[in-house]
Each structure stands twice: as C-alpha cells, then as structure tokens.
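K.L.:
final-v4.cif (mmCIF, C-alpha atoms (C1' of nucleotides)) pasted underneath:
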data_input
#
loop_
_atom_site.group_PDB
_atom_site.id
_atom_site.type_symbol
_atom_site.label_atom_id
_atom_site.label_comp_id
_atom_site.auth_asym_id
_atom_site.auth_seq_id
_atom_site.Cartn_x
_atom_site.Cartn_y
_atom_site.Cartn_z
ATOM 1 C CA MET C 59 -26.109 36.074 0.569
ATOM 2 C CA THR C 60 -27.309 32.749 1.943
ATOM 3 C CA ILE C 61 -25.351 29.566 1.322
ATOM 4 C CA GLY C 62 -27.994 28.520 -1.200
ATOM 5 C CA GLU C 63 -27.573 31.702 -3.207
ATOM 6 C CA LEU C 64 -23.804 31.435 -3.097
ATOM 7 C CA ALA C 65 -24.081 27.838 -4.251
ATOM 8 C CA ALA C 66 -26.385 28.737 -7.132
ATOM 9 C CA GLY C 67 -24.066 31.561 -8.131
ATOM 10 C CA SER C 68 -20.992 29.369 -8.189
ATOM 11 C CA GLY C 69 -22.428 26.162 -9.547
ATOM 12 C CA LEU C 70 -21.667 24.226 -6.381
ATOM 13 C CA ARG C 71 -23.923 22.526 -3.880
ATOM 14 C CA PRO C 72 -24.293 23.986 -0.413
ATOM 15 C CA SER C 73 -22.761 20.818 0.972
ATOM 16 C CA ALA C 74 -19.601 21.428 -1.044
ATOM 17 C CA ILE C 75 -19.308 24.946 0.342
ATOM 18 C CA ARG C 76 -19.662 23.685 3.910
ATOM 19 C CA PHE C 77 -17.111 21.035 3.089
ATOM 20 C CA TYR C 78 -14.634 23.652 1.834
ATOM 21 C CA GLU C 79 -15.165 25.662 4.988
ATOM 22 C CA LYS C 80 -14.454 22.657 7.157
ATOM 23 C CA ALA C 81 -11.418 21.813 5.042
ATOM 24 C CA GLY C 82 -10.009 25.281 5.712
ATOM 25 C CA LEU C 83 -10.308 26.609 2.162
ATOM 26 C CA LEU C 84 -13.039 29.075 2.988
ATOM 27 C CA SER C 85 -13.048 31.233 6.092
ATOM 28 C CA ALA C 86 -16.131 30.925 8.285
ATOM 29 C CA PRO C 87 -18.619 33.654 7.320
ATOM 30 C CA ALA C 88 -20.766 35.757 9.636
ATOM 31 C CA ARG C 89 -23.915 34.169 11.016
ATOM 32 C CA ARG C 90 -27.441 35.474 11.344
ATOM 33 C CA ASN C 91 -29.583 33.297 13.597
ATOM 34 C CA GLY C 92 -27.118 30.491 13.182
ATOM 35 C CA ARG C 93 -27.124 30.635 9.401
ATOM 36 C CA ARG C 94 -24.188 31.568 7.216
ATOM 37 C CA VAL C 95 -24.290 34.998 5.584
ATOM 38 C CA TYR C 96 -21.772 35.586 2.804
ATOM 39 C CA ALA C 97 -20.303 38.755 1.339
ATOM 40 C CA SER C 98 -19.935 38.921 -2.432
ATOM 41 C CA GLU C 99 -16.180 38.269 -2.208
ATOM 42 C CA ALA C 100 -17.059 34.682 -1.361
ATOM 43 C CA THR C 101 -18.095 34.170 -4.989
ATOM 44 C CA HIS C 102 -14.645 35.209 -6.141
ATOM 45 C CA ARG C 103 -12.998 32.944 -3.622
ATOM 46 C CA LEU C 104 -15.015 30.034 -4.908
ATOM 47 C CA PHE C 105 -14.170 30.984 -8.450
ATOM 48 C CA LEU C 106 -10.482 30.892 -7.561
ATOM 49 C CA ILE C 107 -10.887 27.520 -5.906
ATOM 50 C CA GLY C 108 -12.678 26.243 -8.994
ATOM 51 C CA PHE C 109 -9.914 27.528 -11.227
ATOM 52 C CA ALA C 110 -7.265 25.835 -9.107
ATOM 53 C CA LYS C 111 -9.241 22.600 -9.142
ATOM 54 C CA ASP C 112 -9.611 22.841 -12.919
ATOM 55 C CA THR C 113 -5.867 23.176 -13.294
ATOM 56 C CA GLY C 114 -5.206 20.047 -11.295
ATOM 57 C CA PHE C 115 -4.764 21.168 -7.717
ATOM 58 C CA SER C 116 -6.055 19.002 -4.888
ATOM 59 C CA LEU C 117 -7.862 20.610 -1.967
ATOM 60 C CA PRO C 118 -4.802 20.360 0.312
ATOM 61 C CA GLU C 119 -2.744 22.045 -2.395
ATOM 62 C CA ILE C 120 -5.305 24.818 -2.735
ATOM 63 C CA LYS C 121 -5.209 25.270 1.010
ATOM 64 C CA LEU C 122 -1.451 25.634 0.689
ATOM 65 C CA LEU C 123 -1.914 28.259 -2.002
ATOM 66 C CA LEU C 124 -4.317 30.217 0.192
ATOM 67 C CA HIS C 125 -2.807 29.827 3.641
ATOM 68 C CA GLY C 126 0.495 27.991 3.391
ATOM 69 C CA PHE C 127 2.767 30.953 2.712
ATOM 70 C CA PRO C 128 4.024 33.834 4.836
ATOM 71 C CA GLU C 129 1.577 36.733 4.601
ATOM 72 C CA SER C 130 4.174 38.708 2.695
ATOM 73 C CA THR C 131 4.346 36.244 -0.208
ATOM 74 C CA THR C 132 2.556 37.712 -3.228
ATOM 75 C CA ALA C 133 -0.134 35.789 -5.050
ATOM 76 C CA GLY C 134 2.064 35.682 -8.138
ATOM 77 C CA ASP C 135 4.919 34.097 -6.226
ATOM 78 C CA ARG C 136 2.565 31.547 -4.697
ATOM 79 C CA TRP C 137 1.253 30.556 -8.100
ATOM 80 C CA ARG C 138 4.723 30.290 -9.601
ATOM 81 C CA LYS C 139 5.902 28.126 -6.750
ATOM 82 C CA LEU C 140 2.968 25.712 -6.970
ATOM 83 C CA ALA C 141 2.314 25.786 -10.710
ATOM 84 C CA THR C 142 5.871 24.818 -11.595
ATOM 85 C CA SER C 143 5.649 21.375 -10.047
ATOM 86 C CA LYS C 144 2.056 20.958 -11.179
ATOM 87 C CA ILE C 145 3.115 21.567 -14.773
ATOM 88 C CA GLN C 146 5.760 18.893 -14.400
ATOM 89 C CA GLN C 147 3.137 16.489 -13.078
ATOM 90 C CA LEU C 148 0.879 17.311 -16.004
ATOM 91 C CA GLU C 149 3.652 16.698 -18.503
ATOM 92 C CA ALA C 150 4.411 13.385 -16.849
ATOM 93 C CA SER C 151 0.761 12.397 -17.088
ATOM 94 C CA ILE C 152 0.626 13.434 -20.741
ATOM 95 C CA LYS C 153 3.713 11.367 -21.445
ATOM 96 C CA LYS C 154 2.157 8.400 -19.701
ATOM 97 C CA ALA C 155 -1.105 8.813 -21.601
ATOM 98 C CA ARG C 156 0.788 8.855 -24.886
ATOM 99 C CA ALA C 157 2.621 5.679 -23.912
ATOM 100 C CA MET C 158 -0.712 4.053 -23.067
ATOM 101 C CA GLU C 159 -2.096 5.150 -26.396
ATOM 102 C CA GLY C 160 0.886 3.636 -28.200
ATOM 103 C CA MET C 161 0.384 0.320 -26.437
ATOM 104 C CA LEU C 162 -3.284 0.366 -27.358
ATOM 105 C CA ARG C 163 -2.521 1.024 -31.016
ATOM 106 C CA SER C 164 -0.189 -1.961 -30.969
ATOM 107 C CA ILE C 165 -2.663 -4.298 -29.347
ATOM 108 C CA MET C 166 -5.269 -3.268 -31.897
ATOM 109 C CA LYS C 167 -3.190 -5.128 -34.469
ATOM 110 C CA CYS C 168 -3.656 -8.322 -32.459
ATOM 111 C CA ARG C 169 -4.385 -11.415 -34.543
ATOM 112 C CA CYS C 170 -5.021 -13.763 -31.640
ATOM 113 C CA THR C 171 -8.100 -15.921 -31.583
ATOM 114 C CA THR C 172 -8.395 -16.507 -27.859
ATOM 115 C CA ILE C 173 -7.592 -14.251 -24.968
ATOM 116 C CA ASP C 174 -5.350 -16.918 -23.501
ATOM 117 C CA GLN C 175 -3.325 -17.096 -26.681
ATOM 118 C CA CYS C 176 -3.014 -13.324 -26.505
ATOM 119 C CA ALA C 177 -1.956 -13.466 -22.857
ATOM 120 C CA ARG C 178 0.792 -15.960 -23.667
ATOM 121 C CA GLY C 179 1.962 -13.832 -26.554
ATOM 122 C CA LEU C 180 2.028 -10.628 -24.525
ATOM 123 C CA ALA C 181 3.892 -12.221 -21.643
ATOM 124 C CA THR C 182 6.491 -13.769 -23.944
ATOM 125 C CA CYS C 183 6.904 -10.594 -25.970
ATOM 126 C CA MET C 184 7.331 -8.414 -22.896
ATOM 127 C CA GLN C 185 9.747 -10.869 -21.353
ATOM 128 C CA LYS C 186 11.867 -10.790 -24.508
ATOM 129 C CA ARG C 187 11.826 -7.039 -24.450
ATOM 130 C CA ARG C 188 13.058 -6.989 -20.875
ATOM 131 C CA THR C 189 15.820 -9.527 -21.427
ATOM 132 C CA SER C 190 16.978 -7.910 -24.670
ATOM 133 C CA SER C 191 17.165 -4.442 -23.116
ATOM 134 C CA SER C 192 19.113 -5.571 -20.044
ATOM 135 C CA MET K 17 1.596 -23.023 -7.690
ATOM 136 C CA THR K 18 0.316 -21.549 -4.441
ATOM 137 C CA ILE K 19 -1.240 -18.104 -4.346
ATOM 138 C CA GLY K 20 1.912 -16.770 -2.715
ATOM 139 C CA GLU K 21 4.101 -18.039 -5.548
ATOM 140 C CA LEU K 22 1.747 -16.681 -8.176
ATOM 141 C CA ALA K 23 1.751 -13.344 -6.372
ATOM 142 C CA ALA K 24 5.546 -13.244 -6.214
ATOM 143 C CA GLY K 25 5.762 -14.165 -9.882
ATOM 144 C CA SER K 26 3.399 -11.446 -10.993
ATOM 145 C CA GLY K 27 4.354 -8.656 -8.625
ATOM 146 C CA LEU K 28 0.949 -8.604 -6.969
ATOM 147 C CA ARG K 29 -0.127 -9.335 -3.428
ATOM 148 C CA PRO K 30 -2.126 -12.451 -2.677
ATOM 149 C CA SER K 31 -4.976 -10.217 -1.571
ATOM 150 C CA ALA K 32 -5.099 -8.629 -5.026
ATOM 151 C CA ILE K 33 -5.329 -12.033 -6.679
ATOM 152 C CA ARG K 34 -8.199 -13.059 -4.396
ATOM 153 C CA PHE K 35 -9.809 -9.723 -5.164
ATOM 154 C CA TYR K 36 -9.551 -10.309 -8.919
ATOM 155 C CA GLU K 37 -11.067 -13.725 -8.491
ATOM 156 C CA LYS K 38 -13.990 -12.316 -6.558
ATOM 157 C CA ALA K 39 -14.385 -9.565 -9.150
ATOM 158 C CA GLY K 40 -14.725 -12.194 -11.851
ATOM 159 C CA LEU K 41 -11.470 -11.448 -13.669
ATOM 160 C CA LEU K 42 -9.813 -14.688 -12.691
ATOM 161 C CA SER K 43 -11.572 -18.023 -12.717
ATOM 162 C CA ALA K 44 -11.530 -19.935 -9.440
ATOM 163 C CA PRO K 45 -8.583 -22.343 -9.455
ATOM 164 C CA ALA K 46 -8.525 -25.915 -8.179
ATOM 165 C CA ARG K 47 -8.205 -26.402 -4.439
ATOM 166 C CA ARG K 48 -6.060 -28.716 -2.413
ATOM 167 C CA ASN K 49 -7.179 -28.905 1.225
ATOM 168 C CA GLY K 50 -9.054 -25.674 0.816
ATOM 169 C CA ARG K 51 -6.090 -23.808 -0.670
ATOM 170 C CA ARG K 52 -5.884 -22.436 -4.175
ATOM 171 C CA VAL K 53 -3.589 -24.280 -6.595
ATOM 172 C CA TYR K 54 -2.766 -22.457 -9.813
ATOM 173 C CA ALA K 55 -1.598 -23.689 -13.193
ATOM 174 C CA SER K 56 1.114 -21.704 -14.945
ATOM 175 C CA GLU K 57 -1.435 -20.106 -17.307
ATOM 176 C CA ALA K 58 -2.565 -18.013 -14.352
ATOM 177 C CA THR K 59 0.654 -16.019 -14.630
ATOM 178 C CA HIS K 60 -0.172 -15.106 -18.221
ATOM 179 C CA ARG K 61 -3.695 -14.169 -17.280
ATOM 180 C CA LEU K 62 -2.369 -11.843 -14.620
ATOM 181 C CA PHE K 63 0.100 -10.409 -17.071
ATOM 182 C CA LEU K 64 -2.741 -9.652 -19.453
ATOM 183 C CA ILE K 65 -4.736 -8.027 -16.683
ATOM 184 C CA GLY K 66 -1.711 -5.931 -15.757
ATOM 185 C CA PHE K 67 -1.247 -4.883 -19.367
ATOM 186 C CA ALA K 68 -4.883 -3.857 -19.642
ATOM 187 C CA LYS K 69 -4.641 -1.922 -16.393
ATOM 188 C CA ASP K 70 -1.497 -0.184 -17.622
ATOM 189 C CA THR K 71 -3.290 0.911 -20.766
ATOM 190 C CA GLY K 72 -6.108 2.510 -18.813
ATOM 191 C CA PHE K 73 -8.757 -0.170 -18.458
ATOM 192 C CA SER K 74 -10.776 -0.390 -15.268
ATOM 193 C CA LEU K 75 -11.483 -3.770 -13.721
ATOM 194 C CA PRO K 76 -15.075 -3.859 -15.045
ATOM 195 C CA GLU K 77 -13.720 -3.083 -18.502
ATOM 196 C CA ILE K 78 -11.170 -5.867 -18.225
ATOM 197 C CA LYS K 79 -13.937 -8.201 -17.172
ATOM 198 C CA LEU K 80 -15.780 -7.139 -20.308
ATOM 199 C CA LEU K 81 -12.700 -7.895 -22.401
ATOM 200 C CA LEU K 82 -12.405 -11.350 -20.875
ATOM 201 C CA HIS K 83 -16.024 -12.420 -20.537
ATOM 202 C CA GLY K 84 -18.268 -9.795 -22.082
ATOM 203 C CA PHE K 85 -18.244 -11.057 -25.664
ATOM 204 C CA PRO K 86 -19.771 -14.055 -27.420
ATOM 205 C CA GLU K 87 -17.337 -16.984 -27.279
ATOM 206 C CA SER K 88 -16.816 -16.689 -31.015
ATOM 207 C CA THR K 89 -15.423 -13.150 -30.846
ATOM 208 C CA THR K 90 -11.665 -13.245 -31.418
ATOM 209 C CA ALA K 91 -9.264 -11.609 -29.008
ATOM 210 C CA GLY K 92 -8.221 -9.201 -31.728
ATOM 211 C CA ASP K 93 -11.804 -8.063 -32.287
ATOM 212 C CA ARG K 94 -12.326 -7.636 -28.557
ATOM 213 C CA TRP K 95 -9.253 -5.447 -28.293
ATOM 214 C CA ARG K 96 -10.211 -3.363 -31.295
ATOM 215 C CA LYS K 97 -13.692 -2.813 -29.940
ATOM 216 C CA LEU K 98 -12.510 -1.725 -26.492
ATOM 217 C CA ALA K 99 -9.270 0.014 -27.419
ATOM 218 C CA THR K 100 -10.940 2.340 -29.885
ATOM 219 C CA SER K 101 -13.011 4.124 -27.281
ATOM 220 C CA LYS K 102 -10.186 3.955 -24.758
ATOM 221 C CA ILE K 103 -7.888 5.746 -27.194
ATOM 222 C CA GLN K 104 -10.514 8.444 -27.589
ATOM 223 C CA GLN K 105 -10.707 8.812 -23.832
ATOM 224 C CA LEU K 106 -6.934 9.057 -23.644
ATOM 225 C CA GLU K 107 -6.833 11.730 -26.310
ATOM 226 C CA ALA K 108 -9.515 13.659 -24.466
ATOM 227 C CA SER K 109 -7.526 13.455 -21.264
ATOM 228 C CA ILE K 110 -4.354 14.583 -23.053
ATOM 229 C CA LYS K 111 -6.236 17.505 -24.521
ATOM 230 C CA LYS K 112 -7.555 18.405 -21.096
ATOM 231 C CA ALA K 113 -4.112 18.143 -19.543
ATOM 232 C CA ARG K 114 -2.701 20.460 -22.187
ATOM 233 C CA ALA K 115 -5.470 22.958 -21.502
ATOM 234 C CA MET K 116 -4.674 22.776 -17.800
ATOM 235 C CA GLU K 117 -1.015 23.318 -18.545
ATOM 236 C CA GLY K 118 -1.868 26.365 -20.642
ATOM 237 C CA MET K 119 -3.925 27.846 -17.828
ATOM 238 C CA LEU K 120 -1.095 27.230 -15.415
ATOM 239 C CA ARG K 121 1.429 28.928 -17.683
ATOM 240 C CA SER K 122 -0.892 31.940 -17.837
ATOM 241 C CA ILE K 123 -1.417 32.149 -14.116
ATOM 242 C CA MET K 124 2.345 31.988 -13.611
ATOM 243 C CA LYS K 125 2.504 35.474 -15.129
ATOM 244 C CA CYS K 126 0.227 36.738 -12.342
ATOM 245 C CA ARG K 127 1.269 40.077 -10.881
ATOM 246 C CA CYS K 128 -1.291 40.151 -8.088
ATOM 247 C CA THR K 129 -0.229 40.945 -4.555
ATOM 248 C CA THR K 130 -3.043 39.254 -2.666
ATOM 249 C CA ILE K 131 -4.982 36.131 -3.434
ATOM 250 C CA ASP K 132 -8.231 38.074 -3.157
ATOM 251 C CA GLN K 133 -7.051 40.527 -5.781
ATOM 252 C CA CYS K 134 -6.185 37.573 -7.963
ATOM 253 C CA ALA K 135 -9.589 35.963 -7.368
ATOM 254 C CA ARG K 136 -11.360 39.163 -8.423
ATOM 255 C CA GLY K 137 -9.197 39.408 -11.493
ATOM 256 C CA LEU K 138 -9.762 35.816 -12.522
ATOM 257 C CA ALA K 139 -13.513 36.008 -12.026
ATOM 258 C CA THR K 140 -13.774 39.230 -14.013
ATOM 259 C CA CYS K 141 -11.494 37.983 -16.774
ATOM 260 C CA MET K 142 -13.379 34.707 -17.163
ATOM 261 C CA GLN K 143 -16.723 36.480 -17.102
ATOM 262 C CA LYS K 144 -15.561 38.796 -19.895
ATOM 263 C CA ARG K 145 -14.406 35.808 -21.882
ATOM 264 C CA ARG K 146 -17.796 34.132 -21.554
ATOM 265 C CA THR K 147 -19.809 37.256 -22.456
ATOM 266 C CA SER K 148 -17.606 38.121 -25.410
ATOM 267 C CA SER K 149 -17.786 34.622 -26.853
ATOM 268 C CA SER K 150 -21.559 34.338 -26.550
ATOM 269 C "C1'" DG A 181 4.454 -32.286 18.382
ATOM 270 C "C1'" DT A 182 4.998 -27.755 18.104
ATOM 271 C "C1'" DA A 183 6.362 -23.139 16.327
ATOM 272 C "C1'" DG A 184 5.787 -20.132 12.767
ATOM 273 C "C1'" DA A 185 4.834 -19.107 8.033
ATOM 274 C "C1'" DA A 186 1.319 -19.051 4.788
ATOM 275 C "C1'" DG A 187 -3.360 -20.116 3.584
ATOM 276 C "C1'" DT A 188 -8.721 -19.378 4.323
ATOM 277 C "C1'" DT A 189 -13.069 -16.220 4.978
ATOM 278 C "C1'" DA A 190 -15.978 -12.071 5.635
ATOM 279 C "C1'" DA A 191 -15.933 -7.621 6.797
ATOM 280 C "C1'" DA A 192 -13.965 -3.322 7.655
ATOM 281 C "C1'" DG A 193 -10.552 0.303 6.342
ATOM 282 C "C1'" DC A 194 -8.047 3.352 3.118
ATOM 283 C "C1'" DT A 195 -7.854 7.766 -0.175
ATOM 284 C "C1'" DG A 196 -10.326 12.224 -2.050
ATOM 285 C "C1'" DA A 197 -13.959 15.057 -2.706
ATOM 286 C "C1'" DC A 198 -17.876 15.300 -1.773
ATOM 287 C "C1'" DT A 199 -23.122 13.787 -0.974
ATOM 288 C "C1'" DT A 200 -26.612 11.901 1.773
ATOM 289 C "C1'" DT A 201 -29.022 11.121 5.940
ATOM 290 C "C1'" DA A 202 -31.019 12.034 10.346
ATOM 291 C "C1'" DA A 203 -32.699 14.947 13.459
ATOM 292 C "C1'" DG A 204 -33.587 19.291 14.478
ATOM 293 C "C1'" DT A 205 -34.083 24.863 13.793
ATOM 294 C "C1'" DC A 206 -35.663 28.790 11.357
ATOM 295 C "C1'" DA A 207 -38.030 31.749 7.789
ATOM 296 C "C1'" DA A 208 -41.652 32.940 4.534
ATOM 297 C "C1'" DG A 209 -46.135 32.671 2.516
ATOM 298 C "C1'" DC A 210 -51.012 31.746 3.076
ATOM 299 C "C1'" DG F 108 -50.607 29.116 13.098
ATOM 300 C "C1'" DC F 109 -49.240 25.944 9.842
ATOM 301 C "C1'" DT F 110 -46.947 24.117 5.999
ATOM 302 C "C1'" DT F 111 -43.035 24.091 3.208
ATOM 303 C "C1'" DG F 112 -38.532 24.842 2.091
ATOM 304 C "C1'" DA F 113 -33.959 26.194 3.338
ATOM 305 C "C1'" DC F 114 -30.822 25.969 6.830
ATOM 306 C "C1'" DT F 115 -27.929 23.644 10.881
ATOM 307 C "C1'" DT F 116 -24.875 19.635 12.693
ATOM 308 C "C1'" DA F 117 -22.337 15.191 12.920
ATOM 309 C "C1'" DA F 118 -21.915 11.002 10.995
ATOM 310 C "C1'" DA F 119 -22.269 7.757 7.520
ATOM 311 C "C1'" DG F 120 -22.266 6.605 2.513
ATOM 312 C "C1'" DT F 121 -20.178 6.795 -2.310
ATOM 313 C "C1'" DC F 122 -16.671 5.280 -5.912
ATOM 314 C "C1'" DA F 123 -12.260 2.113 -7.225
ATOM 315 C "C1'" DG F 124 -9.026 -0.907 -6.208
ATOM 316 C "C1'" DC F 125 -7.216 -2.921 -3.285
ATOM 317 C "C1'" DT F 126 -5.240 -3.803 1.893
ATOM 318 C "C1'" DT F 127 -5.864 -4.895 6.554
ATOM 319 C "C1'" DT F 128 -7.864 -7.266 10.351
ATOM 320 C "C1'" DA F 129 -9.717 -11.033 12.952
ATOM 321 C "C1'" DA F 130 -10.291 -15.500 13.760
ATOM 322 C "C1'" DC F 131 -9.240 -19.745 12.138
ATOM 323 C "C1'" DT F 132 -6.819 -23.785 9.494
ATOM 324 C "C1'" DT F 133 -2.999 -25.967 7.317
ATOM 325 C "C1'" DC F 134 1.699 -26.775 5.818
ATOM 326 C "C1'" DT F 135 6.737 -27.119 6.775
ATOM 327 C "C1'" DA F 136 10.719 -27.603 9.521
ATOM 328 C "C1'" DC F 137 12.909 -28.886 13.569
#
With the file now loaded, output its structure as structure tokens.
P.N.:
Amino acid sequence: MTIGELAAGSGLRPSAIRFYEKAGLLSAPARRNGRRVYASEATHRLFLIGFAKDTGFSLPEIKLLLHGFPESTTAGDRWRKLATSKIQQLEASIKKARAMEGMLRSIMKCRCTTIDQCARGLATCMQKRRTSSS
Amino acid sequence: MTIGELAAGSGLRPSAIRFYEKAGLLSAPARRNGRRVYASEATHRLFLIGFAKDTGFSLPEIKLLLHGFPESTTAGDRWRKLATSKIQQLEASIKKARAMEGMLRSIMKCRCTTIDQCARGLATCMQKRRTSSS
DNA sequence: GTAGAAGTTAAAGCTGACTTTAAGTCAAGC
DNA sequence: GCTTGACTTAAAGTCAGCTTTAACTTCTAC
C-alpha cells in the first residue's frame, strides 16, 4: 500500500500520516525506491489512533498508550490506566459546560438596555455573591 | 487608572488589555504623555468580557456582542440572540463528551493482550457496526 | 540627577495538530 | 521521451489568545 492508498482508506491526508510517523505514533514502514510501503496492519493502527483521538486523547497521550508501558503490560491494562483519568477530565468538562449553560440561561433574562449597564450590573452582582459567600 | 492598576483590578495582564484594545473589544482610552489612562468603567467592561469568555464566547463573538448590533438593540436582546446558539453548542459538546465517556467505559473492559490485537478488534467491531446499521 | 519600575510599540513566540510550500525524485500512461 | 501525478524532505504557515522580546520613553523615589 502506498501512503496515498493508506490515507484514502483511513480518511486521513498523507501529510497527517507522515506527521504521526514523525511524532512516534506510527513506526516507519518499509521503503521501495524511497517511498513508504505499508502493510495492511497500518490501517488498523490508524483506526486505533483515530479511536483514541475521538475519545479525547492527545497525540502525546496516544504515544504513551502505544509505547509508554513495559512490553509486558496488556492493552487492557494500558487502556484502564489512561481511560480512568480521561473519564475524570471528561466529567470535569461536562460539569463546566453545564455551569456555562446555567450562566447563559441567566443572562438571557437580562433586561438591560445598554451593554455598559449590563456590565455594571454583572460586576456588582458577582461582587455581592463573592462577599456574601465568604 | 493606569493600565497596570486596571490589570491588577481585573486579574489580567497589561498585555491582555492592550490585546483586547487592538482586537476591538475595548475602546482606546485617553492618554496622558502617551500612556493609557482608564476610567473606572473599564473595570466593568473587562468584567463583562471575562464573563462572556467564561460562558464560552470567543473574542470575535464578544466583539459582536459589543459592537455587532444596531445601536438600538438592547443588551438583553443581544444576549438572547448570541446565547441561544451558544447554548446549543454547549449541549452538543456535552453530548459529545458523554459519547466519548461511553466509549472509554467500553474500552476499559478490553481483554486484549497487545495493542495490535486491540486495533484489529476495534476496526472489525466498528466496521460491523457500520455495515449492520446501513 | 539617576536608578529602577512601569509604560509604549511592532513583531515574534507559544501550544497542538496538522497543512502548505518549495524544491526535487519517481512512476505510469501515451 | 514526455507529461502528469504521486511521492520525498525540511521548513514555514495556520488558528486563538495571549505573552514575550527588543528597543525605547516616562514616572517615581531617593
């Protein structure tokens, strides 16, 4: 498989595949006349990388998943180790998003005429909140 | 107020305030000997900007909130217009995060020994899912 | 009057995940 | 044998939202 075929088969651009190789996510394939020649496993590797990306892993984290454990560590154990903290991060981000949504629903009730009036109101209101809670 | 005092009062760095000014979020203040001199309203403006940022607005969106409407549009109407779509975006991102969390909880049950085995499994499983749903 | 803190500008740097560009090599079809 | 398209590399560009740097001016305190 050429890099173009691999790219087409995985929905990535060739440049992304080269980038992953350079980043250490993908091992360097064989070459024929200087050009990369991939075995079909490469598609699965890319699929795995895509899955990890879809579930919120950064490229350094994916590299950790692939190469950051002792050889003897099973794939399942690697996932459990990394997914646990990622789930916590996701829950934190969900919590934050809900808080943002709540603030937006409040501000939608705004009766201010001018933005400056609104700014004064917000600042005063938030200040009160801080002083009353402390 | 000097830029340093305004920065200290709003928890920003002077560079951020200059950046907001250049980005069109903050109107250019008066100058004394070349230096910016702020009125106390500037603190409220910055508070508003911070609030908008905290609720998920980008700087261009905040600029829109402040200057992207006819003068006659009330602050309340501006917020309602912009917050509505922002809330939808937030709900989409929450939905996505929950989907990611679900995928992570599944992969945590992985019994694979090697990552390559896992990659094959994932690719096959996902392919099945796609073909069976189409 | 001088040191040092704080202000000024434009321009470059930072992060992450790539893409684009430039300049060159190689392969396939006519 | 020539064109066209796909490949190669290193380096630079992209986006957001600032920060940092460099070179310079100005304010404040002693």
K.L.:
List the spatial neighbours of DA119 (chain F) as a list of chain:residue names - criterion: any atom at most 10 Å away, only C-alpha atoms (C1' of nucleotides), same-chain residues fewer than 2 positions off excluded.
P.N.:
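So, after excluding close chain neighbours, the residues are A:DT200, A:DT201, F:DA117.
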K.L.:
Where does the PyMOL selection byres ((chain F) within 8 of (chain C)) land in this file, that is, which residues does it pick, as an NGL selection string?
P.N.:
:F and (113-115)
K.L.:
Could I get the residues of chain K with an atom no further than 8 Å from an atom of chain C, each paired with its nearest atom pair and that distance in Å to one decimal, using only C-alpha atoms, sorted by chain and residue number, as a tab-separated table?
P.N.:
residue	atom	partner	partner_atom	distance
K:Glu57	CA	C:Arg178	CA	7.9
K:His60	CA	C:Ala177	CA	5.2
K:Arg61	CA	C:Ala177	CA	5.9
K:Phe63	CA	C:Ala181	CA	6.2
K:Leu64	CA	C:Ala177	CA	5.2
K:Asp70	CA	C:Met158	CA	6.9
K:Thr71	CA	C:Met158	CA	4.7
K:Gly72	CA	C:Met158	CA	7.0
K:Leu82	CA	C:Ile173	CA	7.0
K:Thr89	CA	C:Thr171	CA	7.9
K:Thr90	CA	C:Thr171	CA	4.5
K:Ala91	CA	C:Thr172	CA	5.1
K:Gly92	CA	C:Cys168	CA	4.7
K:Trp95	CA	C:Met166	CA	5.8
K:Arg96	CA	C:Met166	CA	5.0
K:Ala99	CA	C:Leu162	CA	6.0
K:Ile103	CA	C:Glu159	CA	5.9
K:Leu106	CA	C:Ala155	CA	6.2
K:Glu107	CA	C:Ala155	CA	8.0
K:Ser109	CA	C:Ala155	CA	7.9
K:Ile110	CA	C:Ile152	CA	5.6
K:Ala113	CA	C:Leu148	CA	6.2
K:Arg114	CA	C:Leu148	CA	7.8
K:Met116	CA	C:Thr113	CA	4.7
K:Glu117	CA	C:Ile145	CA	5.9
K:Met119	CA	C:Thr113	CA	6.8
K:Leu120	CA	C:Ala141	CA	6.0
K:Arg121	CA	C:Ala141	CA	7.7
K:Ile123	CA	C:Trp137	CA	6.8
K:Met124	CA	C:Arg138	CA	5.0
K:Lys125	CA	C:Gly134	CA	7.0
K:Cys126	CA	C:Gly134	CA	4.7
K:Arg127	CA	C:Gly134	CA	5.2
K:Cys128	CA	C:Ala133	CA	5.4
K:Thr129	CA	C:Thr132	CA	4.5
K:Thr130	CA	C:Ala133	CA	5.1
K:Ile131	CA	C:Ala133	CA	5.1
K:Asp132	CA	C:Arg103	CA	7.0
K:Cys134	CA	C:Ala133	CA	6.9
K:Ala135	CA	C:Leu106	CA	5.2
K:Arg136	CA	C:His102	CA	5.6
K:Leu138	CA	C:Leu106	CA	7.0
K:Ala139	CA	C:His102	CA	6.0
K.L.:
May I have a table of the residues of chain A lying at most 8 Å from chain C, giving each one's closest pair of atoms and their distance in Å to one decimal, counting all atoms listed in the file, ordered by chain and ascending residue number, as JSON lines?
P.N.:
{"residue": "A:DC198", "atom": "C1'", "partner": "C:Ala74", "partner_atom": "CA", "distance": 6.4}
{"residue": "A:DT199", "atom": "C1'", "partner": "C:Ser73", "partner_atom": "CA", "distance": 7.3}
{"residue": "A:DC206", "atom": "C1'", "partner": "C:Asn91", "partner_atom": "CA", "distance": 7.9}
K.L.:
Running the PyMOL selection byres ((chain F and resi 127) around 10) on this model by hand, what would come out? Give it as a PyMOL selection string.
P.N.:
(chain K and resi 31) or (chain A and resi 192-194) or (chain F and resi 126+128-129)
K.L.:
For CA of Leu84 (chain C) and CA of Ile120 (chain C), quote the distance in Å rounded to one decimal.
P.N.:
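Computing it gives 10.5 Å between the two atoms.
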K.L.:
Just how far from CA of Arg76 (chain C) is CA of Leu122 (chain C), in Å to one decimal?
P.N.:
18.6 Å
K.L.:
Please evaluate the PyMOL selection byres ((chain F and resi 122) around 12) against the displayed coordinates and give the resulting residues as a list in words.
P.N.:
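Selected by the PyMOL selection byres ((chain F and resi 122) around 12) here: DT195, DG196, DA197, DC198 and DT199 of chain A; DG120, DT121, DA123 and DG124 of chain F.
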K.L.:
Between CA of Glu79 (chain C) and C1' of DT116 (chain F), what is the distance in Å, rounded to a tenth?
P.N.:
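About the pair CA of Glu79 (chain C) and C1' of DT116 (chain F): they are 13.8 Å apart.
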